[in-house]
>>> print(open('query07.txt').read())   # compact mmCIF, C-alpha atoms and all ligand atoms
# COMPACT_ATOMS: atom_id res chain seq x y z
CA MET D 24 0.00 0.00 0.00
CA GLU D 25 2.97 2.26 -0.53
CA PRO D 26 2.08 5.08 -2.89
CA THR D 27 3.92 5.63 -6.14
CA VAL D 28 5.57 8.92 -6.99
CA PHE D 29 3.43 10.99 -9.34
CA GLY D 30 6.03 13.70 -9.88
CA LYS D 31 7.46 16.94 -8.61
CA LEU D 32 5.32 20.01 -8.18
CA LYS D 33 6.62 23.38 -9.40
CA ASP D 34 7.73 24.20 -5.85
CA GLY D 35 9.83 21.02 -5.69
CA ARG D 36 7.57 18.98 -3.39
CA THR D 37 6.65 15.45 -4.41
CA ALA D 38 3.10 14.36 -5.20
CA HIS D 39 2.04 10.72 -4.93
CA LEU D 40 -0.54 8.38 -6.40
CA PHE D 41 -2.58 5.95 -4.29
CA THR D 42 -4.66 3.10 -5.62
CA LEU D 43 -7.74 1.77 -3.83
CA ARG D 44 -9.04 -1.61 -4.95
CA ASN D 45 -11.89 -3.93 -4.12
CA GLY D 46 -12.46 -7.58 -4.96
CA LYS D 47 -14.95 -6.70 -7.72
CA GLY D 48 -12.53 -5.21 -10.19
CA MET D 49 -13.10 -1.59 -9.23
CA GLU D 50 -10.09 0.65 -8.82
CA VAL D 51 -9.74 4.28 -7.80
CA GLN D 52 -6.54 6.25 -8.18
CA ILE D 53 -6.11 9.40 -6.13
CA THR D 54 -3.25 11.85 -5.77
CA ASP D 55 -2.38 13.73 -2.59
CA PHE D 56 -2.15 16.82 -4.77
CA GLY D 57 -5.62 18.33 -4.42
CA GLY D 58 -7.05 14.97 -3.36
CA ILE D 59 -7.74 14.57 -7.08
CA ILE D 60 -9.37 11.39 -8.37
CA THR D 61 -7.23 10.65 -11.41
CA LYS D 62 -8.74 7.34 -12.45
CA LEU D 63 -11.93 5.42 -11.66
CA ILE D 64 -12.13 1.95 -13.13
CA VAL D 65 -15.49 0.16 -13.27
CA PRO D 66 -16.03 -3.16 -15.09
CA ASP D 67 -18.66 -2.77 -17.82
CA LYS D 68 -21.44 -5.21 -18.77
CA GLY D 69 -18.90 -7.49 -20.47
CA GLY D 70 -16.50 -7.30 -17.52
CA LYS D 71 -14.11 -5.00 -19.38
CA PRO D 72 -12.50 -2.30 -17.21
CA VAL D 73 -13.66 1.20 -18.13
CA ASP D 74 -12.13 4.41 -16.78
CA VAL D 75 -15.18 6.60 -16.16
CA THR D 76 -13.56 9.84 -15.00
CA LEU D 77 -11.89 12.59 -17.02
CA GLY D 78 -8.36 13.68 -16.23
CA PHE D 79 -4.81 14.21 -17.42
CA ASP D 80 -1.64 12.11 -17.59
CA ALA D 81 0.75 14.73 -16.26
CA LEU D 82 0.94 16.22 -12.79
CA ALA D 83 1.75 19.63 -14.31
CA ASP D 84 -1.67 19.63 -15.99
CA TYR D 85 -3.33 19.01 -12.63
CA GLU D 86 -1.42 21.99 -11.21
CA ALA D 87 -3.18 24.19 -13.75
CA ASN D 88 -6.43 22.16 -14.03
CA PRO D 89 -8.84 24.85 -15.27
CA PRO D 90 -11.87 22.50 -15.15
CA TYR D 91 -11.05 21.29 -11.59
CA PHE D 92 -10.98 17.65 -12.82
CA GLY D 93 -11.47 15.25 -9.90
CA ALA D 94 -10.42 17.77 -7.27
CA ILE D 95 -11.55 18.37 -3.74
CA ILE D 96 -13.13 21.79 -3.63
CA GLY D 97 -12.86 24.01 -0.56
CA ARG D 98 -13.21 25.99 1.51
CA CYS D 99 -16.36 26.78 -0.44
CA ALA D 100 -17.61 24.96 -3.49
CA ASN D 101 -19.38 26.96 -6.19
CA ARG D 102 -19.67 30.74 -6.19
CA ILE D 103 -19.69 33.54 -3.66
CA GLY D 104 -21.18 36.59 -5.38
CA GLY D 105 -18.65 39.40 -5.73
CA GLY D 106 -16.37 37.34 -3.48
CA ARG D 107 -17.92 39.27 -0.59
CA PHE D 108 -19.48 38.24 2.66
CA VAL D 109 -20.01 39.58 6.16
CA LEU D 110 -19.34 37.45 9.20
CA ASP D 111 -19.71 38.76 12.77
CA GLY D 112 -19.87 42.32 11.48
CA ARG D 113 -16.65 42.08 9.53
CA GLU D 114 -16.60 42.30 5.77
CA TYR D 115 -14.44 39.87 3.85
CA GLN D 116 -13.34 40.27 0.23
CA LEU D 117 -12.14 37.06 -1.41
CA ASP D 118 -10.44 36.77 -4.81
CA CYS D 119 -12.83 37.03 -7.70
CA ASN D 120 -11.13 34.26 -9.63
CA GLU D 121 -14.07 33.84 -12.00
CA GLY D 122 -13.79 36.63 -14.52
CA GLY D 123 -13.46 39.18 -11.72
CA ILE D 124 -17.13 38.60 -10.89
CA ASN D 125 -17.36 35.71 -8.43
CA HIS D 126 -15.20 33.81 -6.02
CA LEU D 127 -15.30 30.27 -7.46
CA HIS D 128 -14.40 26.92 -5.87
CA GLY D 129 -12.37 28.29 -2.96
CA GLY D 130 -10.17 30.73 -4.87
CA ILE D 131 -6.92 30.68 -6.81
CA THR D 132 -5.17 28.23 -4.51
CA GLY D 133 -8.19 26.33 -3.26
CA PHE D 134 -8.07 22.85 -1.74
CA GLY D 135 -7.71 21.21 -5.16
CA LYS D 136 -4.36 22.97 -5.56
CA LYS D 137 -2.81 21.98 -2.22
CA LEU D 138 -0.61 19.06 -1.31
CA TRP D 139 -2.45 17.08 1.40
CA LYS D 140 -1.03 14.82 4.08
CA SER D 141 -1.94 11.27 3.26
CA GLU D 142 -2.30 7.88 4.85
CA GLN D 143 -3.54 4.79 3.07
CA THR D 144 -5.05 2.95 6.02
CA ALA D 145 -6.12 -0.15 4.06
CA GLU D 146 -6.19 -1.44 0.50
CA ASN D 147 -9.56 0.24 0.08
CA SER D 148 -9.16 3.45 2.10
CA LEU D 149 -7.17 6.70 1.98
CA VAL D 150 -7.25 9.52 4.53
CA LEU D 151 -6.15 12.98 3.43
CA THR D 152 -5.70 15.88 5.83
CA LEU D 153 -5.02 19.54 5.36
CA LEU D 154 -4.55 22.51 7.64
CA SER D 155 -5.83 25.60 5.90
CA PRO D 156 -4.32 28.49 7.88
CA ASP D 157 -6.15 31.59 9.10
CA GLY D 158 -6.46 33.94 6.12
CA ASP D 159 -6.02 31.21 3.50
CA GLN D 160 -7.57 32.58 0.27
CA GLY D 161 -9.05 35.34 2.46
CA TYR D 162 -11.14 33.11 4.76
CA PRO D 163 -10.92 33.49 8.57
CA GLY D 164 -9.83 30.79 11.02
CA ASN D 165 -7.43 27.87 11.03
CA LEU D 166 -9.45 25.09 9.44
CA LEU D 167 -8.42 21.49 9.82
CA VAL D 168 -9.97 19.29 7.14
CA SER D 169 -9.92 15.60 6.44
CA VAL D 170 -11.28 13.69 3.50
CA THR D 171 -11.55 9.91 3.57
CA TYR D 172 -11.98 7.96 0.37
CA THR D 173 -13.23 4.40 0.81
CA LEU D 174 -14.03 1.86 -1.88
CA THR D 175 -16.43 -0.79 -0.60
CA GLU D 176 -17.02 -4.36 -1.73
CA ASP D 177 -20.42 -3.34 -3.08
CA ASN D 178 -18.82 -0.92 -5.54
CA VAL D 179 -19.42 2.28 -3.61
CA LEU D 180 -16.86 5.06 -3.54
CA SER D 181 -17.56 6.89 -0.29
CA ILE D 182 -16.13 10.35 0.32
CA ARG D 183 -16.33 11.49 3.91
CA TYR D 184 -15.55 15.14 4.65
CA ARG D 185 -14.72 16.49 8.09
CA GLY D 186 -13.73 19.98 9.18
CA MET D 187 -13.13 21.96 12.35
CA SER D 188 -12.04 25.56 12.80
CA ASP D 189 -10.77 27.69 15.69
CA GLN D 190 -12.86 30.68 14.57
CA ARG D 191 -16.21 31.11 12.88
CA THR D 192 -15.66 30.51 9.18
CA LEU D 193 -17.31 29.07 6.08
CA MET D 194 -17.07 25.53 4.80
CA ASN D 195 -18.75 23.81 1.87
CA LEU D 196 -16.67 20.91 0.55
CA THR D 197 -17.24 18.80 -2.53
CA ASN D 198 -15.45 16.73 -5.14
CA HIS D 199 -15.38 17.91 -8.74
CA ALA D 200 -15.00 14.61 -10.66
CA TYR D 201 -16.25 14.60 -14.24
CA PHE D 202 -17.84 11.36 -15.35
CA ASN D 203 -18.29 9.78 -18.72
CA LEU D 204 -19.72 6.32 -18.14
CA ALA D 205 -18.93 5.37 -21.75
CA GLY D 206 -15.21 5.73 -21.06
CA GLN D 207 -12.41 7.91 -22.34
CA ASP D 208 -13.19 7.89 -26.06
CA ALA D 209 -16.72 9.24 -25.98
CA ASP D 210 -16.82 12.85 -27.19
CA THR D 211 -19.94 13.89 -25.26
CA VAL D 212 -22.27 12.68 -22.52
CA TYR D 213 -25.41 13.41 -24.56
CA ASP D 214 -26.51 9.76 -24.59
CA HIS D 215 -26.38 9.36 -20.80
CA TRP D 216 -29.69 9.03 -18.99
CA LEU D 217 -30.08 11.06 -15.81
CA ARG D 218 -32.59 10.87 -13.01
CA ILE D 219 -32.45 13.49 -10.25
CA GLU D 220 -34.92 13.36 -7.39
CA ALA D 221 -35.47 17.08 -7.05
CA ASP D 222 -38.51 19.34 -7.52
CA GLU D 223 -36.60 22.60 -7.35
CA PHE D 224 -33.32 24.21 -8.26
CA CYS D 225 -31.63 27.51 -7.37
CA GLU D 226 -32.52 30.18 -9.88
CA ILE D 227 -29.56 31.89 -11.49
CA ALA D 228 -29.18 35.33 -13.06
CA GLU D 229 -26.51 36.76 -15.35
CA GLY D 230 -22.96 35.63 -14.50
CA PHE D 231 -24.23 32.72 -12.38
CA SER D 232 -25.29 35.06 -9.60
CA MET D 233 -27.90 33.65 -7.24
CA THR D 234 -31.28 35.33 -6.98
CA GLY D 235 -31.86 33.46 -3.71
CA LYS D 236 -35.09 32.02 -5.11
CA MET D 237 -35.95 28.43 -5.86
CA ARG D 238 -37.62 27.50 -9.15
CA SER D 239 -39.75 24.48 -9.87
CA VAL D 240 -38.40 22.01 -12.43
CA GLU D 241 -41.94 21.28 -13.61
CA GLY D 242 -42.30 21.60 -17.36
CA THR D 243 -38.65 22.62 -17.86
CA PRO D 244 -35.59 20.86 -19.32
CA LEU D 245 -34.25 20.74 -15.77
CA ASP D 246 -36.88 18.19 -14.77
CA PHE D 247 -35.05 14.89 -14.30
CA ARG D 248 -37.64 13.33 -11.99
CA LYS D 249 -38.38 11.10 -14.94
CA PRO D 250 -35.24 9.97 -16.74
CA ARG D 251 -34.11 12.16 -19.61
CA GLN D 252 -31.03 11.99 -21.80
CA ILE D 253 -28.53 14.78 -21.12
CA GLY D 254 -28.44 15.76 -24.78
CA GLN D 255 -32.20 15.90 -25.30
CA ASP D 256 -32.86 19.50 -24.23
CA ILE D 257 -29.40 20.77 -23.39
CA ASP D 258 -29.58 23.56 -25.96
CA SER D 259 -33.11 24.55 -25.08
CA GLY D 260 -34.13 28.21 -25.17
CA TYR D 261 -35.35 28.08 -21.56
CA ASP D 262 -33.89 31.19 -19.89
CA GLN D 263 -32.05 29.28 -17.15
CA MET D 264 -30.36 27.03 -19.71
CA VAL D 265 -29.40 29.96 -21.94
CA LEU D 266 -27.86 31.81 -18.99
CA ALA D 267 -25.76 28.78 -18.07
CA GLY D 268 -24.95 27.50 -21.57
CA GLY D 269 -26.41 24.09 -20.72
CA TYR D 270 -26.89 22.35 -17.39
CA ASP D 271 -25.04 24.14 -14.62
CA HIS D 272 -27.54 24.34 -11.78
CA ASN D 273 -27.88 23.39 -8.15
CA TYR D 274 -30.78 21.09 -7.28
CA ALA D 275 -32.47 20.76 -3.90
CA LEU D 276 -32.10 17.02 -3.51
CA LYS D 277 -34.92 14.93 -2.07
CA GLY D 278 -33.32 11.59 -2.82
CA THR D 279 -30.56 10.53 -5.15
CA ALA D 280 -29.07 11.67 -8.45
CA ALA D 281 -28.26 8.90 -10.90
CA ALA D 282 -26.88 8.35 -14.39
CA TRP D 283 -26.80 5.43 -16.79
CA CYS D 284 -24.93 4.77 -20.02
CA GLU D 285 -26.50 2.08 -22.16
CA SER D 286 -23.39 1.25 -24.23
CA THR D 287 -21.29 0.11 -21.26
CA GLY D 288 -24.28 -0.66 -19.05
CA ILE D 289 -22.63 1.30 -16.22
CA ALA D 290 -24.90 3.18 -13.83
CA MET D 291 -23.92 5.52 -11.02
CA THR D 292 -26.10 6.61 -8.11
CA VAL D 293 -25.05 9.55 -5.97
CA SER D 294 -26.42 9.85 -2.45
CA THR D 295 -25.50 12.39 0.20
CA ASP D 296 -26.55 13.98 3.47
CA LEU D 297 -25.99 17.42 1.94
CA PRO D 298 -28.99 19.41 0.69
CA GLY D 299 -27.79 20.20 -2.84
CA VAL D 300 -26.15 18.85 -5.95
CA GLN D 301 -24.74 20.89 -8.84
CA LEU D 302 -25.32 19.27 -12.21
CA TYR D 303 -22.67 20.61 -14.59
CA THR D 304 -22.43 19.18 -18.09
CA GLY D 305 -18.97 20.40 -19.06
CA ASN D 306 -20.30 23.30 -21.12
CA PHE D 307 -16.99 25.13 -20.80
CA LEU D 308 -14.82 22.12 -21.60
CA GLY D 309 -12.79 22.09 -24.78
CA GLY D 310 -9.89 24.13 -26.00
CA ASP D 311 -6.43 22.64 -26.03
CA LEU D 312 -6.59 20.55 -22.86
CA LYS D 313 -4.76 17.26 -23.41
CA LEU D 314 -6.62 14.47 -21.67
CA LYS D 315 -5.39 11.00 -20.74
CA GLY D 316 -3.67 9.26 -23.64
CA GLY D 317 -3.26 12.61 -25.44
CA ARG D 318 -6.97 12.82 -26.30
CA ARG D 319 -8.32 16.27 -27.09
CA CYS D 320 -10.93 17.63 -24.73
CA THR D 321 -14.32 18.26 -26.28
CA ARG D 322 -17.24 20.31 -25.03
CA ARG D 323 -19.65 18.39 -22.78
CA ARG D 324 -17.35 15.39 -22.64
CA GLY D 325 -18.15 14.81 -18.97
CA PHE D 326 -20.77 15.67 -16.37
CA CYS D 327 -20.39 16.47 -12.68
CA LEU D 328 -22.73 15.85 -9.79
CA GLU D 329 -21.16 17.99 -7.07
CA THR D 330 -22.92 17.51 -3.74
CA GLN D 331 -22.89 20.65 -1.62
CA LEU D 332 -24.67 23.32 0.36
CA PHE D 333 -26.41 25.75 -1.96
CA PRO D 334 -24.24 28.26 -3.87
CA ASP D 335 -23.55 31.64 -2.29
CA ALA D 336 -25.35 30.41 0.83
CA ILE D 337 -23.52 32.93 3.03
CA ASN D 338 -25.28 35.77 1.18
CA GLN D 339 -28.67 34.09 0.74
CA PRO D 340 -30.73 34.10 3.94
CA ALA D 341 -33.10 31.41 2.66
CA PHE D 342 -30.30 28.87 2.12
CA GLN D 343 -28.83 26.61 4.80
CA SER D 344 -25.88 28.42 6.39
CA PRO D 345 -22.31 27.37 5.53
CA VAL D 346 -20.98 28.88 8.78
CA LEU D 347 -18.84 26.58 10.87
CA GLU D 348 -18.78 27.32 14.62
CA PRO D 349 -15.38 27.23 16.37
CA GLY D 350 -14.49 23.89 17.90
CA VAL D 351 -17.58 22.20 16.47
CA PRO D 352 -16.73 19.54 13.89
CA ALA D 353 -18.84 19.30 10.76
CA GLU D 354 -19.11 16.11 8.81
CA SER D 355 -20.77 14.90 5.65
CA GLU D 356 -20.65 11.93 3.34
CA THR D 357 -21.29 11.45 -0.36
CA ARG D 358 -21.50 8.01 -1.92
CA PHE D 359 -21.06 7.12 -5.58
CA ALA D 360 -22.50 3.64 -6.13
CA PHE D 361 -21.73 1.80 -9.38
CA THR D 362 -23.85 -0.97 -10.86
CA VAL D 363 -24.12 -2.62 -14.24
CA GLY D 364 -27.32 -3.12 -16.21
CA LYS D 365 -30.48 -1.10 -16.74
CA PRO D 366 -31.26 0.50 -13.38
CA ASP D 367 -34.68 0.20 -11.74
CA TRP D 368 -35.36 3.90 -12.19
CA MET D 369 -35.21 3.42 -15.99
CA LYS D 370 -37.95 0.80 -15.97
C1 LIG D 401 -19.44 25.19 -12.20
C2 LIG D 401 -19.20 25.59 -13.64
C3 LIG D 401 -17.74 25.76 -13.82
C4 LIG D 401 -17.04 24.47 -13.46
C5 LIG D 401 -15.55 24.53 -13.60
C6 LIG D 401 -18.73 23.91 -11.94
O1 LIG D 401 -18.90 23.53 -10.62
O2 LIG D 401 -20.78 25.08 -11.89
O3 LIG D 401 -19.89 26.76 -13.97
O4 LIG D 401 -17.43 26.14 -15.14
O5 LIG D 401 -17.35 24.12 -12.15
O6 LIG D 401 -15.06 25.61 -12.92
>>> encode(input="query07.txt", output="structure tokens")
Amino acid sequence: MEPTVFGKLKDGRTAHLFTLRNGKGMEVQITDFGGIITKLIVPDKGGKPVDVTLGFDALADYEANPPYFGAIIGRCANRIGGGRFVLDGREYQLDCNEGGINHLHGGITGFGKKLWKSEQTAENSLVLTLLSPDGDQGYPGNLLVSVTYTLTEDNVLSIRYRGMSDQRTLMNLTNHAYFNLAGQDADTVYDHWLRIEADEFCEIAEGFSMTGKMRSVEGTPLDFRKPRQIGQDIDSGYDQMVLAGGYDHNYALKGTAAAWCESTGIAMTVSTDLPGVQLYTGNFLGGDLKLKGGRRCTRRRGFCLETQLFPDAINQPAFQSPVLEPGVPAESETRFAFTVGKPDWMK
């Protein structure tokens, strides 16, 4: 269970790769740089191993990683409008690392860009820890975080997040893996079926700012209560889809979010104790990113289901607060369960 060396970071420190395995042919590779999931192998309906997550070959590409492939996101996933918030009467201004408009995914050197301490405690489990010092990316308080990845014998990848601070601060952790259940050669995820048990999503305005209101999915392309293929209405003229350039919305989860790809037969069900999940369909992917095996990155090549508290919750009184009280640990778990064959929710 000794890790292998992934490479040297620009600052000279060494990043490692860890492999978690179960007895069912599943394999998850994770690096201590950013806690990034670099590989996720699931046997398909014929028993052939399929890598279902997008990523790079080279460590240097993960140091840049504009799409946040596979990374742990913190202190706060998603956006904080204007990068501003007030806590205990003090105003904080975080970096606006998204076009100067929003603070996105924890800032320039968020948790996906840090080298974590690591311990592989068993063949199927890895514990990563990080001390984010007071003032890190502009946030108050020393925040101690741990993330435990566990691969179970029933093909579940569990991610358990824990955090504790010595001052009041904000915390909203997630993982930003992109999935393509058809494997590495599929250019889009249009053919994937999705089912999301959610009646409402957070309404967005220009520049992904939050209005603070919830909208019903009823009669819109965002309604995944009955399965729908990702590609079916992705370019719909519905105002929320136009604003986002596809699916890029946070749902208020009532149950699970699930996906299925008929060609490989692989299905994935995401469950969590968090209230929200961001469905993002890789609308900004593309350009000259070199993916694994030198493949070129295409638009909408992967989708993310990022479990989280609602976006910009610190500035939206109606949303569950992301404030962490000093000395009080917060914990959450998200589970990605993989199965093969037409799932029950498709029948
Ligand atoms: C956001 C997208 C963003 C992507 C990569 C997602 O969580 O919702 O709008 O482009 O992350 O930064």
>>> axis_aligned_box(input="query07.txt", around="ligand LIG 401 (chain D)", padding_each_side="4 Å", output="JSON")
{"center_x": -17.9, "center_y": 25.1, "center_z": -12.9, "size_x": 13.7, "size_y": 11.2, "size_z": 12.5}
>>> closest_residue(input="query07.txt", among="D:Ser181, D:Thr144, D:Thr304, D:Thr234", to="ligand LIG 401 (chain D)", atoms="only C-alpha atoms and all ligand atoms")
D:Thr304
>>> closest_residue(input="query07.txt", among="D:Phe361, D:Tyr213, D:Phe224, D:Phe307", to="ligand LIG 401 (chain D)", atoms="only C-alpha atoms and all ligand atoms")
D:Phe307
>>> residues_near_ligand(input="query07.txt", ligand="ligand LIG 401 (chain D)", cutoff="8 Å", atoms="all atoms listed in the file", output="ChimeraX atom specification")
/D:89-91,100-101,127-128,199,231,267,271-272,301-303,305-307,327,329
>>> residues_around(input="query07.txt", residues="Val363 in chain D", least_positions_apart="2", cutoff="10 Å", atoms="all atoms listed in the file", output="PyMOL selection string")
chain D and resi 65-70+283-285+287-291+361+365-366
>>> atom_distance(input="query07.txt", atom1="CA of Arg102 in chain D", atom2="CA of Ala83 in chain D")
25.5 Å
>>> residues_around(input="query07.txt", residues="Asn165 in chain D", least_positions_apart="6", cutoff="6 Å", atoms="all atoms listed in the file", output="VMD selection string")
chain D and resid 155 to 157 188 to 189
>>> write_last_selection(input="query07.txt", atoms="C-alpha atoms", output="compact mmCIF listing (two decimals), in the frame of the given file")
# COMPACT_ATOMS: atom_id res chain seq x y z
CA SER D 155 -5.83 25.60 5.90
CA PRO D 156 -4.32 28.49 7.88
CA ASP D 157 -6.15 31.59 9.10
CA SER D 188 -12.04 25.56 12.80
CA ASP D 189 -10.77 27.69 15.69
>>> residues_around(input="query07.txt", residues="range 24-29 of chain D", least_positions_apart="4", cutoff="8 Å", atoms="all atoms listed in the file", output="count of residues only")
11
>>> residues_around(input="query07.txt", residues="Lys249 in chain D", least_positions_apart="3", cutoff="12 Å", atoms="all atoms listed in the file", output="PyMOL selection string")
chain D and resi 216-222+240-246+252+280-282+367-370
>>> residues_around(input="query07.txt", residues="Gly268 in chain D", least_positions_apart="5", cutoff="12 Å", atoms="only C-alpha atoms", output="compact mmCIF listing (two decimals) with C-alpha atoms, in the coordinates of the input")
# COMPACT_ATOMS: atom_id res chain seq x y z
CA ILE D 227 -29.56 31.89 -11.49
CA GLU D 229 -26.51 36.76 -15.35
CA GLY D 230 -22.96 35.63 -14.50
CA PHE D 231 -24.23 32.72 -12.38
CA ASP D 256 -32.86 19.50 -24.23
CA ILE D 257 -29.40 20.77 -23.39
CA ASP D 258 -29.58 23.56 -25.96
CA SER D 259 -33.11 24.55 -25.08
CA GLY D 260 -34.13 28.21 -25.17
CA TYR D 261 -35.35 28.08 -21.56
CA ASP D 262 -33.89 31.19 -19.89
CA GLN D 263 -32.05 29.28 -17.15
CA TYR D 303 -22.67 20.61 -14.59
CA THR D 304 -22.43 19.18 -18.09
CA GLY D 305 -18.97 20.40 -19.06
CA ASN D 306 -20.30 23.30 -21.12
CA PHE D 307 -16.99 25.13 -20.80
CA LEU D 308 -14.82 22.12 -21.60
CA ARG D 322 -17.24 20.31 -25.03
CA ARG D 323 -19.65 18.39 -22.78
>>> closest_residue(input="query07.txt", among="D:Gly186, D:Pro334, D:Gly105, D:Gly164", to="Ala353 in chain D", atoms="only C-alpha atoms")
D:Gly186
>>> atom_distance(input="query07.txt", atom1="CA of Leu166 in chain D", atom2="CA of Gly135 in chain D")
15.2 Å
>>> closest_residue(input="query07.txt", among="D:Phe202, D:Tyr85, D:Phe333, D:Tyr184", to="Leu138 in chain D", atoms="all atoms listed in the file")
D:Tyr85
>>> atom_distance(input="query07.txt", atom1="CA of Leu204 in chain D", atom2="CA of Asp55 in chain D")
24.4 Å
>>> closest_residue(input="query07.txt", among="D:Ser141, D:Thr152, D:Gln339, D:Thr175", to="Arg44 in chain D", atoms="all atoms listed in the file")
D:Thr175
>>> residues_near_point(input="query07.txt", point="(-36.0, 25.2, -9.2)", cutoff="7 Å", atoms="all atoms listed in the file", output="list in words")
Asp222, Glu223, Phe224, Cys225, Glu226, Met237, Arg238, Ser239, Val240 and Tyr274 of chain D
>>> decode(input="query07.txt", residues="range 273-279 of chain D", atoms="all heavy atoms", output="mmCIF file, in the first residue's frame")
data_model
loop_
_atom_site.group_PDB
_atom_site.id
_atom_site.type_symbol
_atom_site.label_atom_id
_atom_site.label_comp_id
_atom_site.auth_asym_id
_atom_site.auth_seq_id
_atom_site.Cartn_x
_atom_site.Cartn_y
_atom_site.Cartn_z
ATOM 1 N N ASN D 273 -27.860 24.098 -9.427
ATOM 2 C CA ASN D 273 -27.883 23.389 -8.152
ATOM 3 C C ASN D 273 -29.311 22.953 -7.811
ATOM 4 O O ASN D 273 -30.210 23.782 -7.710
ATOM 5 C CB ASN D 273 -27.356 24.314 -7.041
ATOM 6 C CG ASN D 273 -27.335 23.597 -5.706
ATOM 7 O OD1 ASN D 273 -26.459 22.794 -5.438
ATOM 8 N ND2 ASN D 273 -28.329 23.849 -4.870
ATOM 9 N N TYR D 274 -29.478 21.654 -7.630
ATOM 10 C CA TYR D 274 -30.782 21.090 -7.283
ATOM 11 C C TYR D 274 -30.926 20.918 -5.775
ATOM 12 O O TYR D 274 -29.948 20.574 -5.089
ATOM 13 C CB TYR D 274 -30.930 19.705 -7.920
ATOM 14 C CG TYR D 274 -31.167 19.726 -9.415
ATOM 15 C CD1 TYR D 274 -30.101 19.738 -10.304
ATOM 16 C CD2 TYR D 274 -32.451 19.734 -9.930
ATOM 17 C CE1 TYR D 274 -30.317 19.759 -11.678
ATOM 18 C CE2 TYR D 274 -32.683 19.743 -11.307
ATOM 19 C CZ TYR D 274 -31.613 19.762 -12.167
ATOM 20 O OH TYR D 274 -31.835 19.780 -13.527
ATOM 21 N N ALA D 275 -32.144 21.100 -5.289
ATOM 22 C CA ALA D 275 -32.471 20.764 -3.897
ATOM 23 C C ALA D 275 -32.843 19.284 -3.897
ATOM 24 O O ALA D 275 -33.920 18.899 -4.355
ATOM 25 C CB ALA D 275 -33.649 21.600 -3.419
ATOM 26 N N LEU D 276 -31.944 18.478 -3.410
ATOM 27 C CA LEU D 276 -32.100 17.015 -3.510
ATOM 28 C C LEU D 276 -33.113 16.486 -2.495
ATOM 29 O O LEU D 276 -33.052 16.825 -1.317
ATOM 30 C CB LEU D 276 -30.764 16.336 -3.205
ATOM 31 C CG LEU D 276 -29.863 15.876 -4.331
ATOM 32 C CD1 LEU D 276 -28.696 15.102 -3.754
ATOM 33 C CD2 LEU D 276 -30.599 15.050 -5.380
ATOM 34 N N LYS D 277 -33.995 15.613 -2.986
ATOM 35 C CA LYS D 277 -34.922 14.934 -2.075
ATOM 36 C C LYS D 277 -34.546 13.473 -1.915
ATOM 37 O O LYS D 277 -35.017 12.791 -1.028
ATOM 38 C CB LYS D 277 -36.345 15.001 -2.641
ATOM 39 C CG LYS D 277 -36.950 16.382 -2.568
ATOM 40 C CD LYS D 277 -38.241 16.451 -3.338
ATOM 41 C CE LYS D 277 -39.326 15.555 -2.718
ATOM 42 N NZ LYS D 277 -40.529 15.517 -3.588
ATOM 43 N N GLY D 278 -33.732 12.992 -2.826
ATOM 44 C CA GLY D 278 -33.320 11.588 -2.815
ATOM 45 C C GLY D 278 -31.942 11.481 -3.442
ATOM 46 O O GLY D 278 -31.017 12.139 -2.996
ATOM 47 N N THR D 279 -31.866 10.732 -4.532
ATOM 48 C CA THR D 279 -30.558 10.528 -5.151
ATOM 49 C C THR D 279 -30.499 11.185 -6.540
ATOM 50 O O THR D 279 -31.518 11.577 -7.101
ATOM 51 C CB THR D 279 -30.268 9.021 -5.322
ATOM 52 O OG1 THR D 279 -31.263 8.460 -6.185
ATOM 53 C CG2 THR D 279 -30.284 8.301 -3.986
#
